[in-house]
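S.K.: This is final19.cif (mmCIF, C-alpha atoms and all ligand atoms).
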data_structure
#
loop_
_atom_site.label_atom_id
_atom_site.label_comp_id
_atom_site.auth_asym_id
_atom_site.auth_seq_id
_atom_site.Cartn_x
_atom_site.Cartn_y
_atom_site.Cartn_z
CA MET V 1 27.16 -18.33 -14.45
CA THR V 2 24.67 -15.87 -15.99
CA GLU V 3 25.10 -12.14 -15.45
CA SER V 4 21.99 -12.19 -13.26
CA GLN V 5 23.47 -14.93 -11.06
CA ASP V 6 26.75 -13.04 -10.85
CA LEU V 7 24.97 -9.83 -9.79
CA PHE V 8 22.96 -11.71 -7.21
CA GLU V 9 26.11 -13.29 -5.78
CA ARG V 10 27.68 -9.84 -5.47
CA ARG V 11 24.56 -8.67 -3.67
CA LYS V 12 24.83 -11.49 -1.14
CA LYS V 13 28.48 -10.70 -0.42
CA ILE V 14 28.12 -6.98 0.22
CA VAL V 15 24.52 -6.16 1.17
CA ALA V 16 23.34 -6.80 4.73
CA ASN V 17 21.23 -9.96 4.96
CA GLY V 18 18.40 -8.10 6.64
CA VAL V 19 17.56 -6.39 3.35
CA GLY V 20 15.19 -9.12 2.19
CA VAL V 21 14.37 -10.00 -1.41
CA PHE V 22 11.44 -11.86 -2.98
CA ASN V 23 13.34 -13.53 -5.86
CA THR V 24 16.60 -13.53 -7.78
CA ALA V 25 15.46 -11.37 -10.70
CA THR V 26 17.66 -8.50 -11.89
CA VAL V 27 17.00 -5.48 -14.07
CA LYS V 28 18.80 -3.76 -16.92
CA ASP V 29 15.83 -1.65 -18.00
CA ALA V 30 12.11 -1.53 -17.53
CA LYS V 31 9.22 -0.12 -19.55
CA GLY V 32 5.47 -0.41 -19.08
CA ALA V 33 4.86 -3.79 -17.44
CA ILE V 34 8.06 -5.44 -18.64
CA ILE V 35 11.39 -5.73 -16.82
CA THR V 36 14.39 -6.80 -18.91
CA ASP V 37 17.04 -8.50 -16.80
CA VAL V 38 20.79 -8.10 -17.15
CA ASP V 39 20.88 -11.18 -19.41
CA GLY V 40 18.26 -9.69 -21.74
CA ARG V 41 15.38 -11.92 -20.54
CA GLU V 42 11.97 -10.24 -20.45
CA LEU V 43 9.92 -10.62 -17.28
CA ILE V 44 6.27 -9.67 -16.83
CA ASP V 45 5.98 -7.53 -13.73
CA PHE V 46 3.03 -8.32 -11.45
CA ALA V 47 4.83 -6.74 -8.48
CA GLY V 48 5.22 -3.20 -9.78
CA GLY V 49 8.12 -2.50 -7.41
CA ILE V 50 5.69 -3.23 -4.53
CA GLY V 51 2.83 -1.21 -5.92
CA VAL V 52 4.90 1.76 -7.03
CA VAL V 53 4.50 1.75 -10.80
CA ASN V 54 0.74 1.83 -11.32
CA ALA V 55 1.42 4.19 -14.24
CA GLY V 56 4.01 1.75 -15.62
CA HIS V 57 7.79 1.65 -15.62
CA CYS V 58 9.31 4.88 -16.95
CA PRO V 59 6.24 6.68 -18.36
CA GLU V 60 7.62 9.09 -20.97
CA PRO V 61 6.04 12.32 -19.58
CA VAL V 62 7.37 11.52 -16.10
CA VAL V 63 10.89 10.83 -17.34
CA GLU V 64 10.74 14.04 -19.38
CA ALA V 65 9.60 16.12 -16.37
CA ILE V 66 12.48 14.71 -14.27
CA ARG V 67 15.01 15.55 -17.03
CA GLU V 68 13.69 19.08 -17.39
CA GLN V 69 13.72 19.78 -13.64
CA ALA V 70 17.24 18.32 -13.30
CA GLY V 71 18.46 21.03 -15.64
CA LYS V 72 16.98 23.80 -13.44
CA TYR V 73 17.73 23.02 -9.78
CA LEU V 74 17.99 19.81 -7.77
CA HIS V 75 17.68 21.00 -4.20
CA THR V 76 17.17 24.08 -2.09
CA SER V 77 15.16 22.45 0.74
CA PHE V 78 11.55 23.54 1.00
CA ASN V 79 12.34 24.53 4.59
CA VAL V 80 14.69 27.17 3.24
CA VAL V 81 13.51 28.32 -0.19
CA THR V 82 9.99 28.04 -1.65
CA TYR V 83 9.68 26.37 -5.05
CA GLU V 84 6.71 25.97 -7.31
CA PRO V 85 6.73 22.19 -7.96
CA TYR V 86 6.01 21.58 -4.24
CA ILE V 87 3.08 24.03 -4.21
CA THR V 88 1.68 22.74 -7.50
CA LEU V 89 1.74 19.14 -6.30
CA CYS V 90 -0.01 20.08 -3.04
CA GLU V 91 -2.70 21.93 -5.00
CA GLU V 92 -3.20 18.94 -7.28
CA LEU V 93 -3.42 16.54 -4.33
CA ALA V 94 -5.98 18.72 -2.56
CA GLU V 95 -8.05 18.80 -5.73
CA ILE V 96 -8.21 15.03 -6.29
CA LEU V 97 -8.29 14.12 -2.59
CA PRO V 98 -10.45 16.76 -0.91
CA HIS V 99 -10.79 16.34 2.85
CA GLY V 100 -13.94 18.34 3.47
CA GLU V 101 -14.23 22.08 2.91
CA LYS V 102 -10.56 22.98 3.08
CA THR V 103 -7.66 20.62 2.57
CA LYS V 104 -3.97 21.09 3.34
CA VAL V 105 -1.00 18.96 2.42
CA MET V 106 2.59 18.26 3.47
CA LEU V 107 5.12 16.22 1.55
CA ALA V 108 7.64 13.65 2.69
CA SER V 109 9.81 11.07 0.96
CA THR V 110 8.52 7.61 1.97
CA GLY V 111 5.35 5.94 3.15
CA ALA V 112 6.79 5.39 6.62
CA GLU V 113 7.60 9.09 6.95
CA ALA V 114 4.10 10.02 5.84
CA VAL V 115 2.73 7.79 8.60
CA GLU V 116 5.12 9.25 11.21
CA ASN V 117 3.99 12.75 10.29
CA ALA V 118 0.30 11.84 10.24
CA ILE V 119 0.64 10.54 13.81
CA LYS V 120 2.48 13.66 14.97
CA ILE V 121 -0.17 15.88 13.40
CA ALA V 122 -3.04 13.90 14.98
CA ARG V 123 -1.38 14.09 18.40
CA GLN V 124 -0.88 17.82 18.14
CA ALA V 125 -4.42 18.34 16.84
CA THR V 126 -5.94 16.48 19.80
CA ASN V 127 -3.34 16.94 22.53
CA ARG V 128 -3.67 13.24 23.22
CA PRO V 129 -1.02 10.50 23.15
CA ALA V 130 -2.63 7.15 22.29
CA ILE V 131 -2.98 5.54 18.86
CA LEU V 132 -5.21 2.62 17.91
CA CYS V 133 -4.06 0.35 15.09
CA TYR V 134 -4.89 -3.13 13.76
CA THR V 135 -3.56 -6.64 13.49
CA ASP V 136 -2.10 -7.48 10.07
CA ALA V 137 -1.42 -3.77 9.56
CA TYR V 138 1.70 -2.55 7.78
CA HIS V 139 2.74 1.08 8.08
CA GLY V 140 6.51 1.05 7.48
CA ARG V 141 9.86 0.45 9.17
CA THR V 142 10.71 3.67 11.01
CA MET V 143 10.20 3.34 14.75
CA MET V 144 6.61 4.61 15.12
CA ALA V 145 5.58 3.01 11.80
CA MET V 146 7.22 -0.27 12.85
CA THR V 147 5.42 -0.14 16.17
CA LEU V 148 2.14 0.26 14.29
CA THR V 149 3.07 -2.62 11.96
CA SER V 150 1.66 -5.89 13.18
CA LYS V 151 3.74 -8.76 11.83
CA ILE V 152 6.42 -9.77 14.35
CA SER V 153 8.90 -11.00 11.74
CA TYR V 154 9.23 -7.44 10.47
CA LYS V 155 10.55 -6.30 13.83
CA TYR V 156 12.50 -9.02 15.61
CA ASP V 157 14.66 -7.54 18.38
CA CYS V 158 14.02 -3.98 17.19
CA GLY V 159 12.36 -2.74 20.38
CA PRO V 160 11.73 -0.96 22.61
CA PHE V 161 8.83 0.18 20.51
CA ALA V 162 6.90 3.43 20.76
CA PRO V 163 4.59 3.64 23.77
CA GLU V 164 0.84 4.38 23.73
CA VAL V 165 0.06 2.16 20.74
CA TYR V 166 -2.92 -0.19 21.14
CA ARG V 167 -3.97 -2.85 18.66
CA LEU V 168 -7.42 -4.08 17.66
CA PRO V 169 -8.13 -7.20 15.59
CA PHE V 170 -8.65 -6.17 11.96
CA PRO V 171 -12.18 -7.09 10.86
CA ASN V 172 -11.04 -9.74 8.37
CA PHE V 173 -14.35 -11.21 7.24
CA TYR V 174 -12.92 -14.12 5.27
CA ARG V 175 -10.71 -15.38 8.05
CA TYR V 176 -12.87 -14.86 11.09
CA HIS V 177 -16.54 -14.75 10.21
CA GLY V 178 -17.13 -18.45 10.94
CA THR V 179 -20.82 -19.01 10.36
CA ARG V 180 -21.81 -15.36 10.83
CA THR V 181 -23.29 -13.22 8.07
CA MET V 182 -21.48 -10.01 7.13
CA GLU V 183 -24.05 -8.05 9.12
CA GLU V 184 -23.57 -10.14 12.27
CA PHE V 185 -19.80 -10.09 11.88
CA VAL V 186 -19.62 -6.31 11.55
CA GLU V 187 -21.97 -5.86 14.49
CA ASP V 188 -19.65 -7.99 16.66
CA GLU V 189 -16.51 -6.20 15.46
CA LEU V 190 -18.01 -2.79 16.11
CA LYS V 191 -19.00 -3.96 19.57
CA ARG V 192 -15.37 -4.93 20.12
CA LEU V 193 -14.30 -1.46 18.94
CA HIS V 194 -16.66 0.24 21.39
CA GLU V 195 -15.58 -2.10 24.19
CA SER V 196 -11.96 -1.04 23.61
CA ALA V 197 -12.97 2.13 25.45
CA LEU V 198 -13.58 -0.07 28.50
CA ASN V 199 -10.81 -2.61 28.30
CA LEU V 200 -7.98 -1.34 26.08
CA VAL V 201 -7.44 2.40 26.43
CA ASP V 202 -9.34 5.42 27.69
CA VAL V 203 -10.82 7.01 24.56
CA LYS V 204 -10.24 10.45 26.08
CA ASN V 205 -6.53 9.73 25.57
CA VAL V 206 -6.80 8.47 22.00
CA ALA V 207 -5.47 10.84 19.34
CA ALA V 208 -6.06 8.66 16.30
CA VAL V 209 -7.10 5.37 14.80
CA ILE V 210 -4.95 4.39 11.84
CA ILE V 211 -6.29 1.89 9.32
CA GLU V 212 -5.55 0.69 5.80
CA PRO V 213 -9.03 0.51 4.24
CA ILE V 214 -7.65 -2.37 2.18
CA GLN V 215 -4.70 -3.93 3.93
CA GLY V 216 -1.68 -4.32 1.66
CA GLU V 217 1.14 -6.35 3.20
CA GLY V 218 -1.46 -7.95 5.48
CA GLY V 219 -2.99 -9.78 2.54
CA PHE V 220 -5.28 -7.47 0.54
CA ASN V 221 -8.01 -7.56 3.15
CA PRO V 222 -10.76 -5.00 2.52
CA VAL V 223 -12.40 -3.54 5.61
CA PRO V 224 -16.17 -4.18 5.51
CA GLN V 225 -18.12 -1.10 4.38
CA LYS V 226 -20.29 -0.89 7.48
CA TYR V 227 -17.29 -1.31 9.77
CA LEU V 228 -15.53 1.69 8.22
CA GLU V 229 -18.73 3.72 8.57
CA GLY V 230 -19.00 2.61 12.21
CA LEU V 231 -15.36 3.49 12.81
CA ARG V 232 -15.95 6.99 11.41
CA ALA V 233 -18.90 7.44 13.77
CA PHE V 234 -16.84 6.11 16.72
CA CYS V 235 -14.06 8.63 15.97
CA ASP V 236 -16.58 11.48 15.64
CA THR V 237 -18.20 10.60 18.97
CA HIS V 238 -14.90 10.63 20.84
CA GLY V 239 -13.04 13.42 19.02
CA ILE V 240 -10.52 10.95 17.59
CA MET V 241 -8.71 11.55 14.28
CA LEU V 242 -9.30 8.87 11.64
CA ILE V 243 -6.12 8.29 9.63
CA MET V 244 -6.34 6.19 6.50
CA ASP V 245 -3.09 4.79 5.17
CA GLU V 246 -3.42 4.67 1.38
CA VAL V 247 0.26 4.12 0.65
CA GLN V 248 -0.40 0.82 -1.15
CA SER V 249 -4.08 1.22 -2.08
CA GLY V 250 -3.79 4.74 -3.49
CA PHE V 251 -3.22 6.22 -6.93
CA CYS V 252 -5.55 4.21 -9.14
CA ARG V 253 -4.92 0.74 -7.76
CA THR V 254 -8.54 0.36 -6.67
CA GLY V 255 -9.99 2.44 -9.51
CA HIS V 256 -9.87 5.60 -7.37
CA TRP V 257 -7.22 8.08 -6.25
CA ALA V 258 -7.75 6.60 -2.77
CA SER V 259 -9.73 3.60 -1.64
CA TRP V 260 -11.67 5.75 0.87
CA GLN V 261 -13.34 7.27 -2.18
CA HIS V 262 -14.63 3.79 -3.02
CA TYR V 263 -16.08 3.53 0.50
CA GLY V 264 -17.36 7.10 0.60
CA VAL V 265 -15.96 7.50 4.14
CA LEU V 266 -13.83 10.60 4.70
CA PRO V 267 -10.66 10.42 6.81
CA ASP V 268 -9.34 13.37 8.81
CA ILE V 269 -5.83 12.63 7.57
CA SER V 270 -4.62 10.25 4.86
CA THR V 271 -1.19 9.11 3.70
CA TYR V 272 0.17 8.40 0.21
CA ALA V 273 3.48 7.34 -1.35
CA LYS V 274 4.44 4.54 -3.76
CA SER V 275 2.63 5.09 -7.11
CA LEU V 276 2.34 8.82 -6.50
CA GLY V 277 5.91 9.26 -7.78
CA SER V 278 6.23 6.45 -10.35
CA GLY V 279 9.38 5.30 -8.55
CA LEU V 280 10.77 8.53 -7.16
CA PRO V 281 10.68 8.87 -3.36
CA ILE V 282 7.73 11.13 -2.68
CA ALA V 283 4.97 10.83 -0.10
CA ALA V 284 2.13 13.02 1.04
CA VAL V 285 0.04 13.63 4.13
CA VAL V 286 -3.31 15.10 3.15
CA GLY V 287 -5.87 16.27 5.68
CA LYS V 288 -8.54 18.66 6.84
CA ALA V 289 -6.92 22.10 6.93
CA ASP V 290 -7.59 22.80 10.63
CA VAL V 291 -6.15 19.42 11.60
CA MET V 292 -3.07 19.83 9.40
CA ASP V 293 -2.48 23.33 10.73
CA ALA V 294 -2.44 22.06 14.32
CA ALA V 295 1.16 20.90 13.83
CA ALA V 296 3.54 23.45 15.33
CA VAL V 297 6.03 25.19 13.05
CA GLY V 298 9.19 23.12 12.95
CA SER V 299 7.57 19.88 14.15
CA ILE V 300 7.06 18.46 10.65
CA GLY V 301 9.47 18.73 7.73
CA GLY V 302 13.05 17.73 6.90
CA THR V 303 15.93 18.43 4.54
CA TYR V 304 14.64 16.42 1.59
CA ILE V 305 10.87 16.52 1.99
CA GLY V 306 9.22 17.11 -1.37
CA SER V 307 12.38 17.19 -3.46
CA PRO V 308 11.70 19.27 -6.59
CA ILE V 309 12.64 16.34 -8.84
CA CYS V 310 10.18 14.09 -7.02
CA CYS V 311 7.46 16.76 -7.04
CA VAL V 312 7.58 17.18 -10.81
CA ALA V 313 7.63 13.40 -11.22
CA ALA V 314 4.49 13.16 -9.08
CA SER V 315 2.72 15.99 -10.89
CA ALA V 316 3.56 14.42 -14.25
CA THR V 317 2.32 11.06 -12.93
CA ILE V 318 -1.01 12.54 -11.86
CA LYS V 319 -1.43 14.32 -15.20
CA TYR V 320 -0.58 11.13 -17.11
CA MET V 321 -2.94 9.05 -14.95
CA LYS V 322 -5.74 11.51 -15.75
CA GLU V 323 -4.92 11.60 -19.47
CA ILE V 324 -5.00 7.84 -19.95
CA ASN V 325 -7.83 7.42 -17.42
CA LEU V 326 -5.91 4.98 -15.28
CA ASN V 327 -8.71 4.61 -12.75
CA GLU V 328 -10.95 3.21 -15.46
CA LYS V 329 -8.17 0.93 -16.68
CA ALA V 330 -7.76 -0.43 -13.13
CA VAL V 331 -11.42 -1.40 -13.01
CA LYS V 332 -11.21 -3.16 -16.38
CA ILE V 333 -8.00 -5.01 -15.53
CA GLY V 334 -9.44 -5.93 -12.16
CA GLN V 335 -12.48 -7.51 -13.80
CA VAL V 336 -10.30 -9.61 -16.11
CA ILE V 337 -8.13 -10.80 -13.21
CA MET V 338 -11.11 -11.41 -10.94
CA ASN V 339 -12.99 -13.49 -13.56
CA ARG V 340 -9.97 -15.63 -14.36
CA LEU V 341 -9.04 -16.28 -10.74
CA GLN V 342 -12.56 -16.88 -9.53
CA SER V 343 -13.08 -19.59 -12.12
CA LEU V 344 -9.76 -21.13 -11.03
CA MET V 345 -10.98 -21.00 -7.43
CA LYS V 346 -13.97 -23.19 -8.36
CA GLN V 347 -11.56 -25.94 -9.45
CA HIS V 348 -9.27 -25.87 -6.42
CA PRO V 349 -10.34 -26.07 -2.77
CA GLU V 350 -6.83 -24.83 -1.91
CA ILE V 351 -7.85 -21.41 -3.19
CA GLY V 352 -9.88 -20.19 -0.24
CA ASP V 353 -10.65 -16.70 -1.47
CA VAL V 354 -10.14 -14.32 -4.36
CA ARG V 355 -10.90 -10.79 -3.28
CA GLY V 356 -10.17 -7.15 -3.80
CA VAL V 357 -11.30 -3.80 -5.12
CA GLY V 358 -10.44 -2.63 -8.64
CA ALA V 359 -7.06 -4.08 -9.58
CA MET V 360 -5.96 -4.66 -5.96
CA ILE V 361 -6.62 -8.38 -5.98
CA GLY V 362 -5.36 -11.12 -3.69
CA ILE V 363 -5.62 -14.92 -3.82
CA GLU V 364 -5.63 -16.67 -0.46
CA PHE V 365 -4.27 -20.23 -0.30
CA VAL V 366 -5.55 -22.58 2.37
CA LYS V 367 -5.45 -26.28 3.25
CA SER V 368 -7.90 -28.25 1.11
CA ASP V 369 -9.40 -30.01 4.14
CA ASP V 370 -9.71 -26.85 6.26
CA GLN V 371 -10.39 -23.57 4.52
CA ARG V 372 -9.32 -21.56 7.59
CA GLN V 373 -5.79 -23.01 7.70
CA PRO V 374 -3.27 -20.90 5.77
CA ASN V 375 -1.17 -22.72 3.16
CA SER V 376 2.08 -20.84 2.82
CA GLU V 377 3.94 -23.80 1.24
CA ILE V 378 1.83 -23.66 -1.92
CA CYS V 379 2.19 -19.92 -2.03
CA SER V 380 5.97 -19.89 -1.92
CA GLU V 381 6.12 -22.64 -4.60
CA ILE V 382 3.94 -20.49 -6.86
CA VAL V 383 6.07 -17.37 -6.37
CA LYS V 384 9.19 -19.40 -7.18
CA GLY V 385 7.61 -21.18 -10.17
CA CYS V 386 6.39 -17.88 -11.61
CA ALA V 387 9.85 -16.31 -11.25
CA GLU V 388 11.40 -19.24 -13.12
CA ASN V 389 8.87 -18.81 -15.90
CA GLY V 390 9.15 -15.08 -16.46
CA LEU V 391 6.57 -13.62 -14.07
CA ILE V 392 7.44 -11.55 -11.01
CA VAL V 393 4.74 -11.84 -8.38
CA LEU V 394 4.65 -11.16 -4.64
CA SER V 395 3.13 -12.92 -1.68
CA ALA V 396 1.55 -11.15 1.30
CA GLY V 397 -0.13 -11.86 4.62
CA THR V 398 0.99 -12.64 8.12
CA TYR V 399 1.17 -16.32 7.06
CA LYS V 400 2.62 -15.51 3.60
CA ASN V 401 -0.27 -17.47 2.07
CA ILE V 402 -1.68 -14.78 -0.18
CA ILE V 403 -0.56 -13.88 -3.71
CA ARG V 404 -1.17 -10.22 -4.48
CA ILE V 405 -1.32 -8.70 -7.92
CA LEU V 406 0.21 -5.24 -8.26
CA SER V 407 0.96 -5.14 -11.98
CA PRO V 408 1.35 -1.78 -13.69
CA LEU V 409 -2.14 -0.71 -14.77
CA VAL V 410 -0.83 0.16 -18.23
CA ILE V 411 -0.18 -3.53 -18.84
CA THR V 412 -1.35 -4.59 -22.33
CA ASP V 413 -4.11 -7.18 -22.77
CA LYS V 414 -1.55 -9.58 -24.21
CA GLU V 415 0.90 -9.16 -21.31
CA LEU V 416 -1.90 -9.52 -18.77
CA GLU V 417 -3.17 -12.66 -20.50
CA LYS V 418 0.35 -14.13 -20.60
CA GLY V 419 1.03 -13.26 -16.97
CA LEU V 420 -2.25 -14.75 -15.80
CA SER V 421 -1.60 -17.91 -17.81
CA ILE V 422 1.80 -18.35 -16.15
CA LEU V 423 0.19 -17.75 -12.75
CA GLU V 424 -2.62 -20.25 -13.44
CA THR V 425 -0.16 -22.90 -14.62
CA GLU V 426 2.03 -22.46 -11.56
CA ILE V 427 -0.99 -22.55 -9.23
CA SER V 428 -2.19 -25.79 -10.84
CA LYS V 429 1.33 -27.29 -10.65
CA ALA V 430 1.81 -26.33 -6.99
CA ILE V 431 -1.55 -27.71 -5.97
CA GLN V 432 -1.13 -31.16 -7.59
N1 LIG V 501 1.93 1.97 4.58
C1 LIG V 501 1.53 0.99 3.76
C2 LIG V 501 0.07 0.65 3.69
C3 LIG V 501 2.45 0.28 2.97
O1 LIG V 501 2.04 -0.70 2.18
C4 LIG V 501 3.81 0.64 3.05
C5 LIG V 501 4.87 -0.06 2.22
N2 LIG V 501 4.63 -1.35 1.85
C6 LIG V 501 4.18 1.68 3.93
C7 LIG V 501 3.22 2.33 4.66
C8 LIG V 501 5.61 2.12 4.07
O2 LIG V 501 6.04 2.74 2.90
P1 LIG V 501 7.61 2.91 2.62
O3 LIG V 501 8.14 1.55 2.32
O4 LIG V 501 7.66 3.83 1.43
O5 LIG V 501 8.20 3.51 3.82
#
Would you put the structure from the file into structure tokens?
Ligand code: PMP
M.R.:
Amino acid sequence: MTESQDLFERRKKIVANGVGVFNTATVKDAKGAIITDVDGRELIDFAGGIGVVNAGHCPEPVVEAIREQAGKYLHTSFNVVTYEPYITLCEELAEILPHGEKTKVMLASTGAEAVENAIKIARQATNRPAILCYTDAYHGRTMMAMTLTSKISYKYDCGPFAPEVYRLPFPNFYRYHGTRTMEEFVEDELKRLHESALNLVDVKNVAAVIIEPIQGEGGFNPVPQKYLEGLRAFCDTHGIMLIMDEVQSGFCRTGHWASWQHYGVLPDISTYAKSLGSGLPIAAVVGKADVMDAAAVGSIGGTYIGSPICCVAASATIKYMKEINLNEKAVKIGQVIMNRLQSLMKQHPEIGDVRGVGAMIGIEFVKSDDQRQPNSEICSEIVKGCAENGLIVLSAGTYKNIIRILSPLVITDKELEKGLSILETEISKAIQ
């Protein structure tokens, strides 16, 4: 038995089954885009700890900042004693993610918590209870976030769920456009949005719409440009807060600090986590100052929110991302991936779509005789084949028929080339 197998067996014996896992890989150390397992085998990481290490595993300046802060103080609670790393990080976030004239920020520890807080803030800002969300959405596993999450297999027997949550179909052009042009499709979807005021929930009761501009777990589905613009106008008309969840799409993945910057559509509130902290648990809610200030004192916060260690890790991550121009790197890497996968798509009818923004790219697998039928069998074979051949890659989508690429953006040309070659080989093998 290898050491990796032994470790995995120990995991199975002691860890609750409900804590799922994509593959049997283990880790001894990790650097850049490479994970070395406990047997010394090197694996190319196209999963990035589920989109957390856009700046790479263990970037030196981040590790250094953590070490330095650990020697000063670990915890006082920001609810008790004010410390500079929290303030500095908020200032930096407001600078790169301005929400109109004046922006304010609060910190949390995980993406789900950021979402919970964003909803609380929107409710307090509007004095309304209802929330609109989308099919194929993923917002986390705490109770409100889980309620907002769409996929049923994430929440079997976990109810009762939070009340006053209403769900609209996500405008997934690839899956649902049929014979309609993008223009016709968006027009229909916006009509559906406006009709929700008649048949789903009274808009006077709606506090917020929450949307991932590019769905992550749902399969890397970008919202059509005109739909997001129409949604902004809808929210403005009815005094509804527009919350954009950028937990997976943020921090350089799409070539921007947030994907809403790619769309040029401003949210009232937005949420961040994952790659913000390069692996340390830090999340942020960023929003228009008057909206953020609507939350009553004591209604948002917690013992560990914005831990000083995590704050300095996030600040060092942002500085490092700026220094090495990670947004530009994402665009370049994205082009390489897109070109390679699109030419593969031409050879295989089972690849229905290759899509994305920047380096947030997904490959959708379908049945060769019906491009609208998801093909999850092929997808799981590819994930398994890649793992056996030294590449960690994740699937996504309600039907688990989409491969998503979330490699660190500091990946070298050689590593990217090798990873893509493994992926291409496994795709070709699985399809035959
Ligand atoms: N929102 C989105 C868009 C996500 O992708 C995720 C995590 N996959 C979350 C929220 C929840 O984040 P966390 O796992 O840190 O709670």
S.K.: Per residue of chain V within 9 Å of ligand LIG 501 (chain V), what are the shortest atom pair and its distance in Å to one decimal, counting all atoms listed in the file, with rows by chain and residue number, as JSON lines?
M.R.:
{"residue": "V:Ile50", "atom": "CA", "partner": "V:LIG501", "partner_atom": "N2", "distance": 6.7}
{"residue": "V:Gly51", "atom": "CA", "partner": "V:LIG501", "partner_atom": "N2", "distance": 8.0}
{"residue": "V:Ser109", "atom": "CA", "partner": "V:LIG501", "partner_atom": "O4", "distance": 7.6}
{"residue": "V:Thr110", "atom": "CA", "partner": "V:LIG501", "partner_atom": "O4", "distance": 3.9}
{"residue": "V:Gly111", "atom": "CA", "partner": "V:LIG501", "partner_atom": "O2", "distance": 3.3}
{"residue": "V:Ala112", "atom": "CA", "partner": "V:LIG501", "partner_atom": "O5", "distance": 3.7}
{"residue": "V:Glu113", "atom": "CA", "partner": "V:LIG501", "partner_atom": "O5", "distance": 6.4}
{"residue": "V:Ala114", "atom": "CA", "partner": "V:LIG501", "partner_atom": "C7", "distance": 7.8}
{"residue": "V:Val115", "atom": "CA", "partner": "V:LIG501", "partner_atom": "C7", "distance": 6.8}
{"residue": "V:Ala137", "atom": "CA", "partner": "V:LIG501", "partner_atom": "C2", "distance": 7.5}
{"residue": "V:Tyr138", "atom": "CA", "partner": "V:LIG501", "partner_atom": "C1", "distance": 5.4}
{"residue": "V:His139", "atom": "CA", "partner": "V:LIG501", "partner_atom": "C7", "distance": 3.7}
{"residue": "V:Gly140", "atom": "CA", "partner": "V:LIG501", "partner_atom": "C8", "distance": 3.7}
{"residue": "V:Arg141", "atom": "CA", "partner": "V:LIG501", "partner_atom": "O5", "distance": 6.4}
{"residue": "V:Thr142", "atom": "CA", "partner": "V:LIG501", "partner_atom": "O5", "distance": 7.6}
{"residue": "V:Ala145", "atom": "CA", "partner": "V:LIG501", "partner_atom": "C7", "distance": 7.6}
{"residue": "V:Thr149", "atom": "CA", "partner": "V:LIG501", "partner_atom": "N1", "distance": 8.8}
{"residue": "V:Ile211", "atom": "CA", "partner": "V:LIG501", "partner_atom": "C2", "distance": 8.6}
{"residue": "V:Glu212", "atom": "CA", "partner": "V:LIG501", "partner_atom": "C2", "distance": 6.0}
{"residue": "V:Ile214", "atom": "CA", "partner": "V:LIG501", "partner_atom": "C2", "distance": 8.4}
{"residue": "V:Gln215", "atom": "CA", "partner": "V:LIG501", "partner_atom": "C2", "distance": 6.6}
{"residue": "V:Gly216", "atom": "CA", "partner": "V:LIG501", "partner_atom": "O1", "distance": 5.2}
{"residue": "V:Glu217", "atom": "CA", "partner": "V:LIG501", "partner_atom": "O1", "distance": 5.8}
{"residue": "V:Gly218", "atom": "CA", "partner": "V:LIG501", "partner_atom": "O1", "distance": 8.7}
{"residue": "V:Met244", "atom": "CA", "partner": "V:LIG501", "partner_atom": "C2", "distance": 8.9}
{"residue": "V:Asp245", "atom": "CA", "partner": "V:LIG501", "partner_atom": "C2", "distance": 5.4}
{"residue": "V:Glu246", "atom": "CA", "partner": "V:LIG501", "partner_atom": "C2", "distance": 5.8}
{"residue": "V:Val247", "atom": "CA", "partner": "V:LIG501", "partner_atom": "C1", "distance": 4.6}
{"residue": "V:Gln248", "atom": "CA", "partner": "V:LIG501", "partner_atom": "O1", "distance": 4.4}
{"residue": "V:Ser249", "atom": "CA", "partner": "V:LIG501", "partner_atom": "C2", "distance": 7.1}
{"residue": "V:Thr271", "atom": "CA", "partner": "V:LIG501", "partner_atom": "N1", "distance": 7.8}
{"residue": "V:Tyr272", "atom": "CA", "partner": "V:LIG501", "partner_atom": "N1", "distance": 8.0}
{"residue": "V:Ala273", "atom": "CA", "partner": "V:LIG501", "partner_atom": "O4", "distance": 6.1}
{"residue": "V:Lys274", "atom": "CA", "partner": "V:LIG501", "partner_atom": "O4", "distance": 6.1}
{"residue": "V:Pro281", "atom": "CA", "partner": "V:LIG501", "partner_atom": "O4", "distance": 7.6}
{"residue": "V:Ile282", "atom": "CA", "partner": "V:LIG501", "partner_atom": "O4", "distance": 8.4}
{"residue": "V:Ala283", "atom": "CA", "partner": "V:LIG501", "partner_atom": "O4", "distance": 7.7}
S.K.: One decimal, Å: what's the distance from atom CA of Met345 of chain V over to atom CA of Lys384 of chain V, could you say?
M.R.: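 Interatomic distance, atom CA of Met345 of chain V to atom CA of Lys384 of chain V: 20.2 Å.
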S.K.: Go ahead and compute the interatomic distance for atom CA of Pro129 of chain V and atom CA of Lys204 of chain V, in Å to one decimal.
M.R.: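 Pair atom CA of Pro129 of chain V / atom CA of Lys204 of chain V returns 9.7 Å.
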S.K.: Which residues come within 12 Å of Glu364 of chain V, counting all atoms listed in the file, excluding same-chain residues fewer than 5 positions away, as an MDAnalysis selection string?
M.R.: chainID V and resid 174:175 218:221 341:342 345 348:356 371:376 378:379 395:405 427
S.K.: Using Å and a single decimal, report how far atom CA of Thr317 of chain V sits from atom CA of Val63 of chain V.
M.R.: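 It comes out at 9.6 Å.
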S.K.: My list of candidates is V:Lys322, V:Tyr73, V:Ser153, V:Ala122. Which is closest to Gly239 of chain V when distances are computed with all atoms listed in the file?
M.R.: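 The closest residue to Gly239 of chain V is V:Ala122.
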S.K.: Which polymer residues, protein or nucleic acid, are no farther than 9 Å from (-6.5, 8.7, 16.8), counting only C-alpha atoms, as number ranges by chain?
M.R.: V: 119, 122-123, 126, 128-133, 205-210, 235, 239-243
